[in-house]
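Next comes structure-v6.txt, a file with compact mmCIF, C-alpha atoms.
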# COMPACT_ATOMS: atom_id res chain seq x y z
CA MET A 150 -27.18 12.62 -64.06
CA GLU A 151 -24.19 14.69 -65.15
CA LYS A 152 -22.41 16.37 -62.30
CA ILE A 153 -22.24 20.16 -62.18
CA SER A 154 -18.45 20.03 -61.89
CA GLU A 155 -18.28 17.92 -65.06
CA ARG A 156 -20.74 20.15 -66.87
CA ASN A 157 -18.87 23.35 -66.09
CA GLY A 158 -15.38 21.89 -66.14
CA VAL A 159 -14.87 22.81 -62.46
CA LYS A 160 -12.18 20.98 -60.53
CA PRO A 161 -13.61 19.26 -57.40
CA LEU A 162 -12.83 21.25 -54.26
CA PHE A 163 -12.53 18.27 -51.91
CA SER A 164 -10.54 15.08 -52.40
CA LEU A 165 -8.29 12.73 -50.44
CA GLY A 166 -4.63 12.86 -51.43
CA ALA A 167 -2.14 10.00 -51.51
CA GLU A 168 -0.76 10.92 -48.06
CA THR A 169 -4.20 10.85 -46.45
CA LEU A 170 -5.11 7.57 -48.14
CA ALA A 171 -1.79 6.12 -46.96
CA ALA A 172 -2.50 7.28 -43.39
CA ILE A 173 -5.95 5.64 -43.55
CA SER A 174 -4.39 2.42 -44.84
CA LYS A 175 -1.73 2.41 -42.11
CA LEU A 176 -4.29 2.86 -39.35
CA ARG A 177 -6.47 0.08 -40.69
CA GLN A 178 -3.44 -2.23 -41.01
CA ALA A 179 -2.54 -1.53 -37.38
CA LEU A 180 -6.13 -2.19 -36.26
CA ASP A 181 -6.17 -5.41 -38.28
CA MET A 182 -2.94 -6.54 -36.62
CA ARG A 183 -4.43 -5.99 -33.15
CA GLN A 184 -7.45 -8.07 -34.15
CA ARG A 185 -5.16 -10.87 -35.33
CA ILE A 186 -3.21 -10.70 -32.07
CA ASP A 187 -6.41 -10.80 -30.02
CA LYS A 188 -7.54 -13.84 -32.00
CA ALA A 189 -4.19 -15.54 -31.38
CA ILE A 190 -4.46 -14.79 -27.66
CA SER A 191 -7.93 -16.30 -27.53
CA GLU A 192 -6.66 -19.44 -29.27
CA THR A 193 -3.75 -20.13 -26.92
CA GLN A 194 -3.97 -23.42 -25.04
CA VAL A 195 -2.74 -22.32 -21.60
CA VAL A 196 -5.89 -23.48 -19.79
CA THR A 197 -5.91 -26.84 -21.56
CA ALA A 198 -2.17 -27.32 -21.06
CA GLN A 199 -2.49 -26.46 -17.38
CA ALA A 200 -5.29 -28.99 -16.92
CA GLU A 201 -3.30 -31.70 -18.68
CA TYR A 202 -0.22 -30.91 -16.59
CA ASP A 203 -2.25 -31.05 -13.36
CA GLU A 204 -3.73 -34.39 -14.40
CA ALA A 205 -0.26 -35.77 -15.18
CA MET A 206 0.97 -34.61 -11.78
CA ARG A 207 -1.90 -36.43 -10.07
CA ASP A 208 -1.13 -39.60 -12.04
CA GLN A 209 2.53 -39.34 -11.04
CA ALA A 210 1.68 -38.87 -7.36
CA GLU A 211 -0.68 -41.84 -7.48
CA ALA A 212 1.97 -44.00 -9.14
CA GLU A 213 4.59 -42.99 -6.57
CA ALA A 214 2.18 -43.70 -3.73
CA GLY A 215 1.53 -47.14 -5.18
CA LEU A 216 5.26 -47.79 -5.42
CA VAL A 217 5.91 -47.29 -1.72
CA LEU A 218 3.13 -49.73 -0.84
CA ILE A 219 4.47 -52.58 -2.99
CA GLU A 220 5.30 -55.78 -1.08
CA THR A 221 7.03 -57.98 -3.70
CA ARG A 222 10.00 -57.29 -5.94
CA GLU A 223 8.05 -58.27 -9.06
CA GLN A 224 5.29 -55.80 -8.25
CA ALA A 225 7.90 -53.13 -7.49
CA ALA A 226 9.46 -53.48 -10.95
CA ASP A 227 6.11 -52.97 -12.65
CA ALA A 228 5.29 -50.05 -10.37
CA GLU A 229 8.64 -48.36 -11.12
CA LYS A 230 7.87 -48.55 -14.83
CA ILE A 231 4.53 -46.89 -14.19
CA VAL A 232 6.19 -44.14 -12.14
CA ALA A 233 8.83 -43.56 -14.84
CA ALA A 234 6.14 -43.27 -17.52
CA ALA A 235 4.12 -40.89 -15.35
CA THR A 236 7.23 -38.77 -14.73
CA ARG A 237 7.98 -38.55 -18.45
CA LYS A 238 4.40 -37.50 -19.08
CA VAL A 239 4.64 -34.79 -16.41
CA GLU A 240 7.82 -33.44 -17.97
CA LYS A 241 6.24 -33.41 -21.41
CA LYS A 242 3.07 -31.68 -20.19
CA LEU A 243 5.14 -29.14 -18.26
CA GLN A 244 7.12 -28.27 -21.39
CA ALA A 245 3.87 -27.81 -23.31
CA LEU A 246 2.43 -25.60 -20.55
CA GLU A 247 5.54 -23.43 -20.37
CA ARG A 248 5.55 -23.09 -24.15
CA GLU A 249 1.94 -21.89 -24.14
CA LYS A 250 2.69 -19.43 -21.33
CA ARG A 251 5.67 -18.02 -23.22
CA LEU A 252 3.54 -17.68 -26.31
CA LEU A 253 0.82 -15.87 -24.37
CA GLU A 254 3.26 -13.42 -22.79
CA ALA A 255 4.84 -12.75 -26.19
CA LEU A 256 1.38 -12.02 -27.62
CA TYR A 257 0.71 -9.62 -24.73
CA VAL A 258 3.85 -7.70 -25.72
CA LYS A 259 2.73 -7.73 -29.36
CA ALA A 260 -0.65 -6.35 -28.32
CA LYS A 261 0.97 -3.39 -26.56
CA GLN A 262 3.22 -2.78 -29.57
CA ALA A 263 0.17 -2.84 -31.83
CA ASP A 264 -1.51 -0.29 -29.54
CA ASP A 265 1.50 2.00 -29.95
CA GLU A 266 1.31 1.65 -33.72
CA ILE A 267 -2.42 2.34 -33.66
CA GLN A 268 -1.88 5.44 -31.53
CA ALA A 269 0.83 6.70 -33.90
CA ALA A 270 -1.35 5.97 -36.94
CA ARG A 271 -4.29 7.77 -35.34
CA GLY A 272 -2.09 10.79 -34.68
CA ALA A 273 -0.80 10.78 -38.25
CA LEU A 274 -4.32 10.53 -39.63
CA THR A 275 -5.48 13.41 -37.42
CA ALA A 276 -2.57 15.48 -38.71
CA GLU A 277 -3.48 14.60 -42.30
CA ALA A 278 -7.09 15.62 -41.63
CA SER A 279 -5.86 18.95 -40.26
CA ILE A 280 -3.65 19.52 -43.30
CA LEU A 281 -6.55 18.60 -45.57
CA ALA A 282 -8.79 21.11 -43.81
CA GLU A 283 -6.17 23.86 -44.17
CA ASN A 284 -5.75 23.08 -47.88
CA ILE A 285 -9.52 23.18 -48.35
CA CYS A 286 -9.64 26.59 -46.66
CA VAL A 287 -6.93 27.94 -48.95
CA ASP A 288 -8.56 26.42 -52.05
CA PHE A 289 -11.98 27.70 -51.00
CA ALA A 290 -10.62 31.20 -50.39
CA GLY A 291 -8.88 31.26 -53.77
CA ARG A 292 -11.97 30.14 -55.64
CA LEU A 293 -14.19 32.53 -53.71
CA THR A 294 -11.84 35.36 -54.64
CA VAL A 295 -12.33 34.50 -58.32
CA LEU A 296 -16.10 34.47 -57.83
CA MET A 297 -15.94 37.85 -56.10
CA GLU A 298 -14.07 39.25 -59.09
CA ASP A 299 -16.95 38.16 -61.31
CA ILE A 300 -19.44 39.78 -58.94
CA VAL A 301 -17.43 43.02 -58.89
CA ALA A 302 -17.45 43.07 -62.70
CA LEU A 303 -21.23 42.62 -62.61
CA LEU A 304 -21.62 45.38 -60.00
CA LYS A 305 -19.65 47.79 -62.17
CA GLN A 306 -22.20 47.34 -64.91
CA VAL A 307 -25.04 47.87 -62.44
CA TYR A 308 -23.41 51.05 -61.16
CA ALA A 309 -23.07 52.26 -64.75
CA ALA A 310 -26.78 51.60 -65.28
CA GLN A 311 -27.64 53.38 -62.02
CA SER A 312 -25.69 56.41 -63.14
CA VAL A 313 -28.19 56.68 -65.97
CA VAL A 314 -31.49 55.51 -64.48
CA ARG A 315 -30.83 56.90 -60.96
CA SER A 316 -33.26 54.44 -59.30
CA GLN A 317 -33.83 54.85 -55.56
CA SER A 318 -34.47 51.11 -55.04
CA LEU A 319 -31.47 50.07 -57.13
CA GLY A 320 -29.32 52.56 -55.32
CA ARG A 321 -30.42 51.12 -51.97
CA VAL A 322 -29.52 47.59 -53.11
CA LEU A 323 -26.11 48.75 -54.25
CA SER A 324 -25.45 50.67 -51.04
CA GLU A 325 -26.35 47.72 -48.83
CA PHE A 326 -24.64 45.01 -50.84
CA LYS A 327 -21.50 43.62 -49.18
CA ILE A 328 -18.84 41.34 -50.58
CA PRO A 329 -17.21 39.03 -48.01
CA ASP A 330 -13.42 38.85 -47.82
CA PRO A 331 -12.50 35.17 -48.29
CA GLN A 332 -9.70 35.51 -45.76
CA ASP A 333 -11.63 37.54 -43.19
CA ALA A 334 -15.40 37.76 -43.33
CA SER A 335 -15.56 39.83 -40.13
CA GLY A 336 -18.13 42.63 -40.53
CA MET A 337 -19.18 41.37 -43.94
CA TYR A 338 -22.60 40.18 -45.07
CA ALA A 339 -23.31 36.76 -43.56
CA LEU A 340 -24.04 34.32 -46.35
CA LEU A 341 -24.68 31.60 -43.80
CA ASP A 342 -26.95 31.58 -40.77
CA GLY A 343 -26.22 28.32 -38.98
CA GLY A 344 -27.04 25.56 -41.46
CA THR A 345 -29.03 27.90 -43.69
CA ALA A 346 -27.61 29.82 -46.66
CA ARG A 347 -29.17 33.15 -47.65
CA VAL A 348 -29.36 33.49 -51.40
CA GLY A 349 -31.15 36.76 -52.17
CA ASN A 350 -34.45 36.52 -50.33
CA ALA A 351 -34.39 32.73 -50.31
CA HIS A 352 -33.16 30.55 -47.45
CA VAL A 353 -31.62 27.21 -48.42
CA PRO A 354 -31.41 24.62 -45.61
CA LEU A 355 -27.96 23.24 -46.39
CA ALA A 356 -28.21 20.41 -43.85
CA GLY A 357 -30.81 18.70 -46.03
CA ALA A 358 -30.35 20.33 -49.43
CA TRP A 359 -26.81 19.06 -50.00
CA ARG A 360 -28.09 15.47 -50.14
CA ASP A 361 -29.94 16.29 -53.36
CA ASP A 362 -26.90 17.93 -54.95
CA PRO A 363 -24.67 15.55 -57.00
CA ASP A 364 -21.49 17.55 -56.35
CA SER A 365 -22.17 17.71 -52.61
CA THR A 366 -22.90 13.98 -52.34
CA ALA A 367 -19.71 13.32 -54.31
CA VAL A 368 -17.81 15.34 -51.69
CA ALA A 369 -19.35 13.28 -48.88
CA GLU A 370 -18.44 10.04 -50.68
CA ALA A 371 -14.88 11.22 -51.32
CA LEU A 372 -14.33 12.09 -47.66
CA ALA A 373 -16.13 9.02 -46.27
CA PRO A 374 -12.98 6.81 -45.97
CA LEU A 375 -11.32 9.48 -43.80
CA SER A 376 -14.34 9.77 -41.51
CA GLU A 377 -14.80 5.99 -41.26
CA ALA A 378 -11.13 5.34 -40.51
CA ARG A 379 -11.02 8.00 -37.80
CA ALA A 380 -14.17 6.53 -36.24
CA GLU A 381 -12.57 3.07 -36.24
CA GLY A 382 -9.46 4.49 -34.62
CA GLU A 383 -11.44 6.27 -31.92
CA ALA A 384 -13.45 3.12 -31.19
CA HIS A 385 -10.28 1.06 -30.60
CA LYS A 386 -9.70 0.01 -26.99
CA SER A 387 -6.11 -0.41 -25.82
CA PHE A 388 -4.93 -3.80 -24.55
CA VAL A 389 -4.83 -4.27 -20.78
CA HIS A 390 -2.77 -7.12 -19.32
CA PRO A 391 -5.02 -9.54 -17.40
CA ASP A 392 -3.06 -8.86 -14.21
CA GLN A 393 -3.93 -5.16 -14.47
CA ARG A 394 -7.63 -5.61 -15.17
CA PRO A 395 -10.04 -4.73 -12.31
CA ASN A 396 -11.60 -7.63 -10.43
CA LEU A 397 -15.35 -8.06 -10.30
CA TYR A 398 -16.80 -6.49 -7.15
CA VAL A 399 -18.20 -9.04 -4.69
CA ILE A 400 -20.15 -7.94 -1.59
CA LYS A 401 -18.52 -9.41 1.49
CA GLY A 402 -20.38 -12.50 2.69
CA TYR A 403 -22.14 -13.05 -0.63
CA SER A 404 -21.24 -14.83 -3.80
CA THR A 405 -21.74 -13.29 -7.25
CA ASN A 406 -25.13 -15.01 -7.50
CA GLY A 407 -26.37 -13.19 -4.41
CA LYS A 408 -26.48 -16.23 -2.12
CA SER A 409 -24.89 -16.10 1.30
CA LYS A 410 -21.53 -17.85 1.55
Step by step, read the file and then write its structure as structure tokens.
Amino acid sequence: MEKISERNGVKPLFSLGAETLAAISKLRQALDMRQRIDKAISETQVVTAQAEYDEAMRDQAEAEAGLVLIETREQAADAEKIVAAATRKVEKKLQALEREKRLLEALYVKAKQADDEIQAARGALTAEASILAENICVDFAGRLTVLMEDIVALLKQVYAAQSVVRSQSLGRVLSEFKIPDPQDASGMYALLDGGTARVGNAHVPLAGAWRDDPDSTAVAEALAPLSEARAEGEAHKSFVHPDQRPNLYVIKGYSTNGKSK
């Protein structure tokens, strides 16, 4: 179905400019980075490295205990080799554990930096949405002014006809007709009553009617990326370091499963 704007050669009133699209892209990139950081945090091996280090420490302690209980020199030599190997393993596991801890802390910092970028991107997108709304208001007012000029031209002809036919009903229509000022509709005829538009004696429920209008649905589709991106930004939850997260509440004398300790 051919759109009304295409049929009449009317320029679409609503569209997303390059700046708004760039702001949407920047916010989504920042959100994507936080997701990647969260994934990296979840894949760190601190727990595994800690368990392996603890196991190596136990093996070292056991080897050292065995060494002090040796009775012969031959047994002592073998035991010392076992202790040395256990010590090397402990050192290696400790290095791996410290590396994983450093990585985790670095990712925590990255998460907070990503939050800052998300917050900045959200602010920029909100500003772009505000600018877009202001531009729409100006564009709408300008186009409405042109439409009012056409209506005034039509009214002049009706007044000319009334000067000849002198109709009481036509005169009443002309006397009660009001043209809203696009910049200030205060005191003018209300074209809208909530979500309903008054067109002559007809009432058009805009909340449902726009869905059947090609131009209106095109507007909704054009603005959808802005709405979706803002929703994604609002849904984002800032990173909280594990040390700052609240502990689960446990009733004194009871475990989390409700059984008495």
Separation of CA of Ile186 (chain A) from CA of Ala260 (chain A), in Å and rounded to one decimal:
6.3 Å
Please identify all polymer residues within 7 Å of region 211-217 of chain A, counting all atoms listed in the file, omitting same-chain residues fewer than 6 positions from it, and present them as a compact mmCIF listing (two decimals) with C-alpha atoms, in the frame of the given file.
# COMPACT_ATOMS: atom_id res chain seq x y z
CA ALA A 225 7.90 -53.13 -7.49
CA ALA A 228 5.29 -50.05 -10.37
CA GLU A 229 8.64 -48.36 -11.12
CA ILE A 231 4.53 -46.89 -14.19
CA VAL A 232 6.19 -44.14 -12.14
Grab all the atoms of region 197-213 of chain A that the file lists, wrap them in a box along x, y and z, add 6 Å per side, and give me centre plus edge lengths in Å (one decimal) as AutoDock Vina command-line options.
--center_x -0.7 --center_y -35.2 --center_z -14.1 --size_x 22.5 --size_y 29.5 --size_z 27.0
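If you measure from each of A:Ala371, A:Leu165, A:Leu176, A:Ala378 to Ile267 (chain A) using only C-alpha atoms, the closest one turns out to be A:Leu176.
Candidate residues A:Asn396, A:Gln194, A:Gln178, A:Thr366 were compared for distance to Ala270 (chain A), and the nearest is A:Gln178, using only C-alpha atoms.
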Around the point (-3.5, 10.1, -35.4) in the file's coordinates, collect all residues with an atom within 12 Å, using all atoms listed in the file, and return them as a PyMOL selection string.
chain A and resi 169+172-173+175-177+179+265-279+375+378-383
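When all atoms listed in the file are used to measure the gap to Tyr202 (chain A), the shortest distance among A:His385, A:Arg222, A:Lys242, A:Lys259 belongs to A:Lys242.
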Would you mind completing region 272-283 of chain A to all heavy atoms and writing the output as a compact mmCIF listing (two decimals), in the coordinates of the input?
# COMPACT_ATOMS: atom_id res chain seq x y z
N GLY A 272 -2.65 9.44 -34.71
CA GLY A 272 -2.09 10.79 -34.68
C GLY A 272 -1.75 11.29 -36.08
O GLY A 272 -2.01 12.46 -36.42
N ALA A 273 -1.16 10.40 -36.88
CA ALA A 273 -0.80 10.78 -38.25
C ALA A 273 -2.04 11.09 -39.07
O ALA A 273 -2.06 12.04 -39.87
CB ALA A 273 0.00 9.66 -38.91
N LEU A 274 -3.09 10.30 -38.87
CA LEU A 274 -4.32 10.53 -39.63
C LEU A 274 -4.98 11.84 -39.20
O LEU A 274 -5.52 12.58 -40.03
CB LEU A 274 -5.29 9.36 -39.42
CG LEU A 274 -6.55 9.38 -40.28
CD1 LEU A 274 -6.21 9.42 -41.77
CD2 LEU A 274 -7.42 8.16 -39.99
N THR A 275 -4.95 12.13 -37.90
CA THR A 275 -5.48 13.41 -37.42
C THR A 275 -4.72 14.58 -38.03
O THR A 275 -5.31 15.59 -38.42
CB THR A 275 -5.41 13.47 -35.88
OG1 THR A 275 -6.20 12.42 -35.33
CG2 THR A 275 -5.92 14.79 -35.36
N ALA A 276 -3.39 14.42 -38.11
CA ALA A 276 -2.57 15.48 -38.71
C ALA A 276 -2.92 15.65 -40.19
O ALA A 276 -3.01 16.78 -40.69
CB ALA A 276 -1.09 15.14 -38.55
N GLU A 277 -3.11 14.52 -40.89
CA GLU A 277 -3.48 14.60 -42.30
C GLU A 277 -4.84 15.28 -42.47
O GLU A 277 -5.04 16.05 -43.40
CB GLU A 277 -3.52 13.20 -42.91
CG GLU A 277 -2.16 12.60 -43.18
CD GLU A 277 -1.36 13.38 -44.20
OE1 GLU A 277 -1.97 13.97 -45.11
OE2 GLU A 277 -0.13 13.43 -44.08
N ALA A 278 -5.77 14.98 -41.55
CA ALA A 278 -7.09 15.62 -41.63
C ALA A 278 -6.97 17.12 -41.42
O ALA A 278 -7.67 17.91 -42.07
CB ALA A 278 -8.03 15.01 -40.58
N SER A 279 -6.07 17.52 -40.51
CA SER A 279 -5.86 18.95 -40.26
C SER A 279 -5.26 19.64 -41.48
O SER A 279 -5.67 20.74 -41.86
CB SER A 279 -4.95 19.12 -39.04
OG SER A 279 -4.68 20.49 -38.80
N ILE A 280 -4.27 18.97 -42.09
CA ILE A 280 -3.65 19.52 -43.30
C ILE A 280 -4.67 19.63 -44.42
O ILE A 280 -4.73 20.63 -45.15
CB ILE A 280 -2.46 18.65 -43.74
CG1 ILE A 280 -1.34 18.72 -42.69
CG2 ILE A 280 -1.94 19.07 -45.10
CD1 ILE A 280 -0.21 17.74 -42.95
N LEU A 281 -5.51 18.59 -44.54
CA LEU A 281 -6.55 18.60 -45.57
C LEU A 281 -7.50 19.78 -45.36
O LEU A 281 -7.86 20.48 -46.32
CB LEU A 281 -7.32 17.28 -45.53
CG LEU A 281 -8.52 17.16 -46.48
CD1 LEU A 281 -8.08 17.26 -47.94
CD2 LEU A 281 -9.26 15.85 -46.24
N ALA A 282 -7.89 20.01 -44.10
CA ALA A 282 -8.79 21.11 -43.81
C ALA A 282 -8.16 22.45 -44.17
O ALA A 282 -8.82 23.34 -44.73
CB ALA A 282 -9.19 21.08 -42.33
N GLU A 283 -6.87 22.60 -43.84
CA GLU A 283 -6.17 23.86 -44.17
C GLU A 283 -6.10 24.05 -45.68
O GLU A 283 -6.31 25.17 -46.20
CB GLU A 283 -4.76 23.85 -43.58
CG GLU A 283 -4.73 23.96 -42.06
CD GLU A 283 -5.31 25.27 -41.57
OE1 GLU A 283 -5.13 26.29 -42.26
OE2 GLU A 283 -5.96 25.26 -40.51
